[in-house]
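These notes concern the structure reproduced below.
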2 protein chains.
Amino acid sequence: MRMVVMAERNLTPLDAKTAVGLIRYRPDAVVGAIDSTRCDGDVAAALGLDIGRGMPVFPDVPTALAVRPNTLAIGVAPANDQLYPHYRRQILLAVEAGLDILSGLHFRLSDDPEIAAAAARHRIRLHDVRIPPATRRVAGRVDRRRGNHTVLAIGSDGSVGKMTAMLELDRAARRAGLRSAFLATGQTGMMIAGGGLAADTIVSDFLAGAVQQHVVELATRADWTFVEGQGALNHPAYSAVTLGIMHGALPDALIMCHAAGSTALQGRPDCRLPALSRLVRANEEAVNLVHPRGDCAVVGVALRTLGLSDAEAAAAVREVAAETGLPTTDVVRFGAGELLDALLRHRDGVPDRRVG
Amino acid sequence: MRMVVMAERNLTPLDAKTAVGLIRYRPDAVVGAIDSTRCDGDVAAALGLDIGRGMPVFPDVPTALAVRPNTLAIGVAPANDQLYPHYRRQILLAVEAGLDILSGLHFRLSDDPEIAAAAARHRIRLHDVRIPPATRRVAGRVDRRRGNHTVLAIGSDGSVGKMTAMLELDRAARRAGLRSAFLATGQTGMMIAGGGLAADTIVSDFLAGAVQQHVVELATRADWTFVEGQGALNHPAYSAVTLGIMHGALPDALIMCHAAGSTALQGRPDCRLPALSRLVRANEEAVNLVHPRGDCAVVGVALRTLGLSDAEAAAAVREVAAETGLPTTDVVRFGAGELLDALLRHRDGVPDRRVG
C-alpha cells in the first residue's frame with residue numbers, strides 16, 4: 001500500500017492522531033501527508049517529532065499524486081458525525097484520481113451519497129474501518145486459555161498513548177521471544193494492525209461481548225495479549241466505552257497511561273483530573289468488581305512526555321513513579337522494557353493465570 | 001389502548017419483566033395476558049403477586065381476542081437478537097387479527113421480513129420501542145437547571161427493581177406536591193412512560209450524550225428527576241450501559257437496588273456479588289470521578305423482597321440497613337416514603353444543587 005495521509009490544517013501530534021499513528025507504525029506504507037498550512041518541510045518538521053523524516057508534506061491531493069499513492073488515508077477522527085467541509089473536496093479529488101480511501105471517521109464514507117457515487121464511478125474502494133462487527137451478542141461466561149496473560153491500557157484521558165503503549169509493549173514482548181498479540185479497539189489501531197474492533201461504534205449492550213470474543217480468540221494463539229483501551233473511566237463522554245472494554249477483556253494487569261503535567265481533560269478545562277493514585281485505585285476496582293480472581297492491578301504507568309526535553313521527561317517520570325509507587329516510563333522516548341519487566345514480574349506472582 | 005401481553009411460558013415475575021411492568025403500571029391499558037402454561041386462573045395467580053387480579057390469562061392469541069384487544073405487547077425481552085420460535089406464530093396470528101404489535105425486543109420486528117410483510121398486508125402498526133435515538137452526539141459540557149435534583153437508580157444486578165424504585169419515587173414525589181419526572185432508559189419503562197430512551201441500543205460513544213440530553217431537558221420542567229438505571233457496574237455484560245447512564249445523568253443522589261438474599265448475578269452463579277457496602281462505595285466513586293462537586297452519594301437502598309413473607313421482608317430490610325447504614329425499604333411492599341424522605345434530607349444538605 002502507498003498511502004498519503006490527509007491531515008489538512010491538523011498535522012500536529014494531538015490533532016491528527018490517526019495520521020501520527022500510521023506514520024509511526026506503518027512507515028513502510030505511508031508515502032506522504034497533506035496539510036497546506038505545514039508543507040514547507042517534511043512530516044518530521046511539521047509534527048516536531050522524530051518520525052516521518054524525509055516524508056513529504058503536500059498542500060493538496062493533486063500535488064500529492066507526485067509520489068504515486070494508491071490510497072488516501074483520512075488522518076483525523078472528529079468526535080461527532082461530521083466531515084470537515086474542507087476535506088470533502090480533497091476526498092473527491094482523490095477518488096477522481098483513482099485512489100482508494102481509508103477512513104476511520106465516525107460514519108461511513110460509503111453512506112455519503114456524493115462520495116459513494118464518485119467511488120462507484122471511478123471504481124475505487126471506500127474502506128470504512130470504524131464500523132461495528134456484524135455479530136451482536138452479550139458477554140457470557142467464556143474462559144480464556146490458561147497461560148494467556150492479558151494486559152489492558154487504561155488512561156486518565158483520551159489521547160494519552162494507550163494504543164502506543166500497547167503497540168510498544170507488543171513489539172518489546174516479541175523481541176523478547178514471547179508469543180504476543182496486539183488487539184486494536186479503535187480505528188487507528190485497526191489501520192495499523194489490520195484487525196481488531198472499533199469499540200466506540202458498538203451498541204453498548206454488545207460491547208463487552210464483542211471484546212470478549214476477540215480476547216478469547218487471541219488467547220488461543222498468544223501468551224501475551226496487549227489490548228488497546230479507549231477513553232477513561234473519568235471521562236464524562238467516553239467512560240461507557242472504557243468500562244465495556246475493561247469487562248470484555250477482564251485483564252490480568254493494567255497499564256495506566258497519562259500525559260505528564262495534565263490536570264484537566266483535553267478540551268474540557270472544567271473536568272479536573274482526579275489524582276493519579278485515585279485513578280489507579282478506581283480503575284483496579286472497576287475491573288475487580290467483575291474479575292473472578294479480583295486481583296487485577298495497575299502494574300505500571302506509561303507517561304506521555306511529548307514536548308518536554310529529555311531531562312524534563314526524566315523528571316516527570318520520577319515524579320509520577322514517586323506519586324504512584326509504580327514503574328513509570330515514556331515508552332516512545334525511553335522504550336517499553338521497564339514496563340515489560342514489571343508485567344513479567346507481576347505474571348510470575350499470579351498463581352493461576354486463567355480468567356473466566 | 002387495550003393491550004394483551006404476550007408472555008407464553010414466561011408469565012412469572014422474573015421471566016416477563018416487561019409484562020409485569022405493564023400490568024403493574026398500566027393496569028388501565030392491559031386487558032389480558034397470554035401463557036398457555038398458566039391460564040388456569042387470573043394474572044395475579046399466575047404471577048403470585050398482588051397485581052392483575054381478575055385479569056384473564058389466555059392460552060393463545062385467538063382466545064385472547066375475546067377481550068377485544070387492539071394491541072399485542074411482547075412481554076419479554078431476551079438478551080440477544082432472537083425471537084423465541086413459539087412467539088412468531090402468535091405474533092402473526094395477532095397481526096392477522098388486526099392487532100398492532102408493541103415490542104421491546106432487541107431488534108426491530110419491522111426488520112423481520114415475514115412479520116413486516118404481514119403487518120403491511122393487514123395495515124397494522126409494528127411499534128418497536130427499543131431503537132436508538134436519531135441524534136448521535138458525544139456528551140459535552142451542559143449545565144442542568146439549578147434547582148433540579150436528579151436521582152439515579154443503580155443496582156447489584158439487572159432485574160432488581162431499578163425501574164420500579166424510580167417509578168414509585170416519582171409517584172411519591174408527585175403525591176407530595178413536588179414537580180417530578182421519570183426518565184425511562186429501557187423498553188419497559190418507555191412503554192409505561194410513553195417516552196425516554198433505550199440506552200442499551202445506543203452506540204457506546206453516544207450513550208452518555210443521549211442520556212445527558214434527556215436529563216437536561218427534563219430539568220427545565222421538573223425539580224426532581226428520577227432516572228431508571230440499567231444493569232450494574234459489577235455486571236460483566238452490561239456495565240458499559242450502566243456507566244454511560246451514570247455519567248450522562250451525573251446524578252445528585254443514587255438509590256441502590258438489590259434483591260434480598262442474592263449472592264450471585266442471576267443466571268451467572270460464577271459471578272459472586274461484591275458486598276453491598278463495597279458496591280455502594282464503587283458506584284459513588286464511579287460517579288464522583290466525573291461529578292463536578294464530587295459529592296454524589298447513595299442515599300438509600302430499594303430492596304426487592306419478592307417471595308418473602310412480610311416478616312421475612314422486614315428482617316431483610318433491617319439487615320441491609322444495618323450492613324449499609326442506609327435507609328432501606330421495599331418500595332413495592334412498604335412504599336417509597338422512607339426513601340423520598342431520605343432524598344429530601346440529602347438535597348437540603350447539598351449547598352449548590354447545580355450540576356454541570
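So you can find residues: chains in the C-alpha cells are A, B, ... in the order shown, residues in each start at 1, and ligands are numbered from 1 in order.
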Determine, for each residue of chain B having at least one atom at most 8 Å from an atom of chain A, the closest pair of atoms and their separation in Å to one decimal, counting only C-alpha atoms; order by chain and ascending number, as JSON lines.
```
{"residue": "B:Ala79", "atom": "CA", "partner": "A:Val138", "partner_atom": "CA", "distance": 7.0}
{"residue": "B:Asn80", "atom": "CA", "partner": "A:Arg137", "partner_atom": "CA", "distance": 5.8}
{"residue": "B:Asp81", "atom": "CA", "partner": "A:Arg136", "partner_atom": "CA", "distance": 7.1}
{"residue": "B:Arg136", "atom": "CA", "partner": "A:Asp81", "partner_atom": "CA", "distance": 7.1}
{"residue": "B:Arg137", "atom": "CA", "partner": "A:Asn80", "partner_atom": "CA", "distance": 5.8}
{"residue": "B:Val138", "atom": "CA", "partner": "A:Ala237", "partner_atom": "CA", "distance": 5.7}
{"residue": "B:Ala139", "atom": "CA", "partner": "A:Ala237", "partner_atom": "CA", "distance": 4.7}
{"residue": "B:Gly140", "atom": "CA", "partner": "A:Ala237", "partner_atom": "CA", "distance": 6.9}
{"residue": "B:Arg141", "atom": "CA", "partner": "A:Arg268", "partner_atom": "CA", "distance": 7.8}
{"residue": "B:Ala199", "atom": "CA", "partner": "A:Ser204", "partner_atom": "CA", "distance": 7.7}
{"residue": "B:Asp200", "atom": "CA", "partner": "A:Asp205", "partner_atom": "CA", "distance": 4.9}
{"residue": "B:Thr201", "atom": "CA", "partner": "A:Val203", "partner_atom": "CA", "distance": 5.5}
{"residue": "B:Ile202", "atom": "CA", "partner": "A:Val203", "partner_atom": "CA", "distance": 5.2}
{"residue": "B:Val203", "atom": "CA", "partner": "A:Val203", "partner_atom": "CA", "distance": 4.0}
{"residue": "B:Ser204", "atom": "CA", "partner": "A:Ser204", "partner_atom": "CA", "distance": 4.6}
{"residue": "B:Asp205", "atom": "CA", "partner": "A:Asp200", "partner_atom": "CA", "distance": 4.9}
{"residue": "B:Phe206", "atom": "CA", "partner": "A:Ala237", "partner_atom": "CA", "distance": 7.5}
{"residue": "B:Leu207", "atom": "CA", "partner": "A:Ala240", "partner_atom": "CA", "distance": 7.5}
{"residue": "B:Ala208", "atom": "CA", "partner": "A:Ala237", "partner_atom": "CA", "distance": 5.6}
{"residue": "B:Gly209", "atom": "CA", "partner": "A:Ala237", "partner_atom": "CA", "distance": 6.6}
{"residue": "B:Leu233", "atom": "CA", "partner": "A:Ala286", "partner_atom": "CA", "distance": 7.5}
{"residue": "B:Asn234", "atom": "CA", "partner": "A:Leu289", "partner_atom": "CA", "distance": 5.1}
{"residue": "B:His235", "atom": "CA", "partner": "A:Val290", "partner_atom": "CA", "distance": 6.6}
{"residue": "B:Pro236", "atom": "CA", "partner": "A:His247", "partner_atom": "CA", "distance": 5.3}
{"residue": "B:Ala237", "atom": "CA", "partner": "A:Ala139", "partner_atom": "CA", "distance": 4.7}
{"residue": "B:Tyr238", "atom": "CA", "partner": "A:Asp205", "partner_atom": "CA", "distance": 5.7}
{"residue": "B:Ser239", "atom": "CA", "partner": "A:Gly244", "partner_atom": "CA", "distance": 6.4}
{"residue": "B:Ala240", "atom": "CA", "partner": "A:Ala240", "partner_atom": "CA", "distance": 4.4}
{"residue": "B:Val241", "atom": "CA", "partner": "A:Ser204", "partner_atom": "CA", "distance": 5.6}
{"residue": "B:Thr242", "atom": "CA", "partner": "A:Ala240", "partner_atom": "CA", "distance": 7.7}
{"residue": "B:Leu243", "atom": "CA", "partner": "A:Ala240", "partner_atom": "CA", "distance": 5.4}
{"residue": "B:Gly244", "atom": "CA", "partner": "A:Ala240", "partner_atom": "CA", "distance": 4.6}
{"residue": "B:His247", "atom": "CA", "partner": "A:Pro236", "partner_atom": "CA", "distance": 5.4}
{"residue": "B:Gly248", "atom": "CA", "partner": "A:Pro236", "partner_atom": "CA", "distance": 7.0}
{"residue": "B:Arg268", "atom": "CA", "partner": "A:Arg141", "partner_atom": "CA", "distance": 7.8}
{"residue": "B:Asp270", "atom": "CA", "partner": "A:Pro292", "partner_atom": "CA", "distance": 7.9}
{"residue": "B:Cys271", "atom": "CA", "partner": "A:Val290", "partner_atom": "CA", "distance": 7.1}
{"residue": "B:Pro274", "atom": "CA", "partner": "A:Leu289", "partner_atom": "CA", "distance": 6.6}
{"residue": "B:Ala282", "atom": "CA", "partner": "A:Glu285", "partner_atom": "CA", "distance": 7.2}
{"residue": "B:Glu285", "atom": "CA", "partner": "A:Ala282", "partner_atom": "CA", "distance": 7.2}
{"residue": "B:Ala286", "atom": "CA", "partner": "A:Ala282", "partner_atom": "CA", "distance": 7.5}
{"residue": "B:Leu289", "atom": "CA", "partner": "A:Asn234", "partner_atom": "CA", "distance": 5.1}
{"residue": "B:Val290", "atom": "CA", "partner": "A:Asn234", "partner_atom": "CA", "distance": 5.3}
{"residue": "B:Pro292", "atom": "CA", "partner": "A:Cys271", "partner_atom": "CA", "distance": 7.2}
```
Practice task
For range 145-159 of chain A, list every protein, DNA or RNA residue within 8 Å, evaluated using only C-alpha atoms, and leave out those in the same chain fewer than 6 positions away; present the list as an NGL selection string.
Solution key: :A and (14 or 17 or 165-166 or 216 or 219-220 or 222-235 or 242 or 246 or 249-259 or 265-266 or 273 or 276 or 279 or 283 or 347 or 352-355)
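Distances from B:Glu8, B:Ala210, B:Ala117, B:Val57 to Ala134 in chain B were compared using only C-alpha atoms, and the smallest one belongs to B:Ala210.
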Practice task
Might you pull out every residue within 10 Å of Tyr25 in chain B, with only C-alpha atoms counted and same-chain residues fewer than 6 positions away left off, and present them as a ChimeraX atom specification?
Solution key: /B:51,164,167-168,189,191-193
Create the file for the chosen residues now, containing N, CA, C and O atoms and written as a PDB file, in the first residue's frame.
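Written file, part-v9.pdb:
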```
ATOM      1  N   ILE B  51     -51.009  -8.026  41.823  1.00  0.00           N
ATOM      2  CA  ILE B  51     -51.387  -7.195  40.677  1.00  0.00           C
ATOM      3  C   ILE B  51     -52.074  -8.097  39.659  1.00  0.00           C
ATOM      4  O   ILE B  51     -51.846  -9.314  39.651  1.00  0.00           O
ATOM      5  N   THR B 164     -38.733   0.109  38.900  1.00  0.00           N
ATOM      6  CA  THR B 164     -39.811   0.162  39.891  1.00  0.00           C
ATOM      7  C   THR B 164     -39.504   1.206  40.967  1.00  0.00           C
ATOM      8  O   THR B 164     -40.377   1.999  41.346  1.00  0.00           O
ATOM      9  N   LEU B 167     -40.059   4.651  39.462  1.00  0.00           N
ATOM     10  CA  LEU B 167     -41.484   4.932  39.228  1.00  0.00           C
ATOM     11  C   LEU B 167     -42.198   5.192  40.549  1.00  0.00           C
ATOM     12  O   LEU B 167     -43.015   6.120  40.658  1.00  0.00           O
ATOM     13  N   GLU B 168     -41.882   4.410  41.571  1.00  0.00           N
ATOM     14  CA  GLU B 168     -42.550   4.589  42.868  1.00  0.00           C
ATOM     15  C   GLU B 168     -42.114   5.902  43.523  1.00  0.00           C
ATOM     16  O   GLU B 168     -42.924   6.597  44.133  1.00  0.00           O
ATOM     17  N   GLY B 189     -39.826   0.611  30.745  1.00  0.00           N
ATOM     18  CA  GLY B 189     -40.077   1.961  31.238  1.00  0.00           C
ATOM     19  C   GLY B 189     -40.622   2.866  30.137  1.00  0.00           C
ATOM     20  O   GLY B 189     -41.514   3.688  30.380  1.00  0.00           O
ATOM     21  N   MET B 191     -42.425   1.928  27.553  1.00  0.00           N
ATOM     22  CA  MET B 191     -43.823   1.566  27.292  1.00  0.00           C
ATOM     23  C   MET B 191     -44.739   2.130  28.375  1.00  0.00           C
ATOM     24  O   MET B 191     -45.859   2.536  28.099  1.00  0.00           O
ATOM     25  N   ILE B 192     -44.240   2.165  29.599  1.00  0.00           N
ATOM     26  CA  ILE B 192     -45.048   2.674  30.712  1.00  0.00           C
ATOM     27  C   ILE B 192     -45.147   4.192  30.638  1.00  0.00           C
ATOM     28  O   ILE B 192     -46.230   4.771  30.781  1.00  0.00           O
ATOM     29  N   ALA B 193     -44.003   4.846  30.401  1.00  0.00           N
ATOM     30  CA  ALA B 193     -43.969   6.311  30.474  1.00  0.00           C
ATOM     31  C   ALA B 193     -44.310   6.975  29.150  1.00  0.00           C
ATOM     32  O   ALA B 193     -44.603   8.170  29.106  1.00  0.00           O
TER      33      ALA B 193
END
```
Practice task
Please give the complete set of residues from range 91-161 of chain A that DSSP, run on the backbone, assigns to helix (DSSP H, G or I), formatted as a PyMOL selection string.
Solution key: chain A and resi 91-96+109-111+113-122
Practice task
Find the distance between CA of Leu72 in chain B and CA of Gly41 in chain B and write it in Å to one decimal.
Solution key: 20.2 Å
Completion exercise
CA of Val30 in chain A to CA of Pro78 in chain A measures 21.3 Å
Handout entry: Contacts of range 123-126 of chain B within 8 Å, only C-alpha atoms, excl. fewer than 6 positions in-chain, as a PyMOL selection string
Key = chain B and resi 95+98-103+109-110+116
For the residues in the current selection, export N, CA, C and O atoms as a CSV table (one decimal), in the first residue's frame.
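That gives us result15.csv:
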```
chain,number,residue,atom,x,y,z
B,95,VAL,N,-51.3,-10.2,14.2
B,95,VAL,CA,-51.3,-9.3,13.0
B,95,VAL,C,-52.5,-9.6,12.1
B,95,VAL,O,-53.2,-8.7,11.7
B,98,GLY,N,-55.6,-8.1,13.1
B,98,GLY,CA,-55.7,-6.7,13.1
B,98,GLY,C,-55.1,-5.9,14.3
B,98,GLY,O,-55.3,-4.7,14.5
B,99,LEU,N,-54.4,-6.7,15.1
B,99,LEU,CA,-53.8,-6.0,16.3
B,99,LEU,C,-52.5,-5.3,16.0
B,99,LEU,O,-51.7,-5.9,15.2
B,100,ASP,N,-52.2,-4.1,16.5
B,100,ASP,CA,-50.9,-3.5,16.5
B,100,ASP,C,-50.0,-4.4,17.4
B,100,ASP,O,-50.5,-5.0,18.3
B,101,ILE,N,-48.7,-4.3,17.1
B,101,ILE,CA,-47.7,-5.0,18.0
B,101,ILE,C,-46.8,-4.0,18.6
B,101,ILE,O,-46.2,-3.1,18.0
B,102,LEU,N,-46.7,-4.1,20.0
B,102,LEU,CA,-45.8,-3.3,20.7
B,102,LEU,C,-44.6,-4.2,21.2
B,102,LEU,O,-44.9,-5.1,21.9
B,103,SER,N,-43.4,-3.8,20.8
B,103,SER,CA,-42.3,-4.7,21.1
B,103,SER,C,-41.1,-4.0,21.7
B,103,SER,O,-40.8,-2.9,21.3
B,109,LEU,N,-39.0,-5.7,15.0
B,109,LEU,CA,-39.9,-6.6,14.3
B,109,LEU,C,-40.1,-6.2,12.9
B,109,LEU,O,-40.3,-7.0,12.0
B,110,SER,N,-40.0,-4.9,12.7
B,110,SER,CA,-40.2,-4.3,11.3
B,110,SER,C,-39.0,-4.8,10.4
B,110,SER,O,-39.1,-4.6,9.2
B,116,ALA,N,-43.0,-8.2,8.9
B,116,ALA,CA,-43.2,-6.9,8.3
B,116,ALA,C,-44.2,-7.0,7.1
B,116,ALA,O,-45.0,-6.2,6.9
```
Practice task
Have a look at CA of Leu178 in chain B and CA of Asp341 in chain B and let me know their distance in Å, one decimal.
Solution key: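 Taking CA of Leu178 in chain B and CA of Asp341 in chain B, their separation equals 12.4 Å.
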Problem - Counting only C-alpha atoms, the residue of B:Leu183, B:Met190, B:Leu92, B:Ala313 that sits nearest Thr18 in chain B - result: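 Nearest candidate to Thr18 in chain B out of B:Leu183, B:Met190, B:Leu92, B:Ala313: B:Met190.
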Check the DSSP output for the backbone and give back, as a short mmCIF file (atom, residue, chain, number, x, y, z; two decimals) with N, CA and C atoms, in the first residue's frame, the residues of range 102-220 of chain B in strand (DSSP E).
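Wrote result_32.cif, looks like this:
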```
data_model
loop_
_atom_site.label_atom_id
_atom_site.label_comp_id
_atom_site.auth_asym_id
_atom_site.auth_seq_id
_atom_site.Cartn_x
_atom_site.Cartn_y
_atom_site.Cartn_z
N LEU B 102 -46.67 -4.15 19.95
CA LEU B 102 -45.79 -3.28 20.75
C LEU B 102 -44.64 -4.16 21.23
N SER B 103 -43.43 -3.82 20.82
CA SER B 103 -42.30 -4.72 21.10
C SER B 103 -41.11 -3.97 21.70
N LEU B 126 -46.37 -1.86 13.60
CA LEU B 126 -45.33 -2.52 14.41
C LEU B 126 -44.61 -1.42 15.17
N HIS B 127 -44.84 -1.37 16.49
CA HIS B 127 -44.23 -0.29 17.27
C HIS B 127 -43.03 -0.86 18.03
N ASP B 128 -41.84 -0.69 17.46
CA ASP B 128 -40.61 -1.15 18.11
C ASP B 128 -40.07 -0.03 18.97
N HIS B 149 -33.03 18.38 41.01
CA HIS B 149 -32.33 17.34 41.77
C HIS B 149 -32.54 16.04 41.02
N THR B 150 -31.47 15.46 40.52
CA THR B 150 -31.58 14.24 39.72
C THR B 150 -31.12 13.03 40.52
N VAL B 151 -31.95 12.01 40.51
CA VAL B 151 -31.70 10.78 41.27
C VAL B 151 -31.61 9.63 40.28
N LEU B 152 -30.61 8.79 40.45
CA LEU B 152 -30.44 7.64 39.56
C LEU B 152 -30.50 6.35 40.35
N ALA B 153 -31.21 5.36 39.79
CA ALA B 153 -31.22 4.02 40.38
C ALA B 153 -30.04 3.23 39.85
N ILE B 154 -29.29 2.65 40.77
CA ILE B 154 -28.23 1.72 40.41
C ILE B 154 -28.58 0.38 41.05
N GLY B 155 -27.77 -0.64 40.80
CA GLY B 155 -28.14 -1.92 41.38
C GLY B 155 -26.98 -2.87 41.49
N SER B 180 -42.10 16.51 39.66
CA SER B 180 -41.25 15.34 39.49
C SER B 180 -41.42 14.73 38.11
N ALA B 181 -40.33 14.14 37.61
CA ALA B 181 -40.38 13.46 36.30
C ALA B 181 -39.64 12.14 36.41
N PHE B 182 -40.05 11.20 35.59
CA PHE B 182 -39.40 9.89 35.49
C PHE B 182 -38.75 9.78 34.12
N LEU B 183 -37.50 9.35 34.08
CA LEU B 183 -36.84 9.12 32.79
C LEU B 183 -36.60 7.63 32.60
#
```
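The shortest atom-to-atom distance to Thr71 in chain B, with only C-alpha atoms taken into account, belongs to B:Gly32 out of B:Pro269, B:Gly194, B:Pro13, B:Gly32.
Within 9 Å of Glu338 in chain B, once only C-alpha atoms are used and residues closer than 4 positions along the same chain are dropped, the contacting residues are Gly300, Pro327, Thr328, Thr329, Val331, Phe334, Ala342 and Leu343 of chain B.
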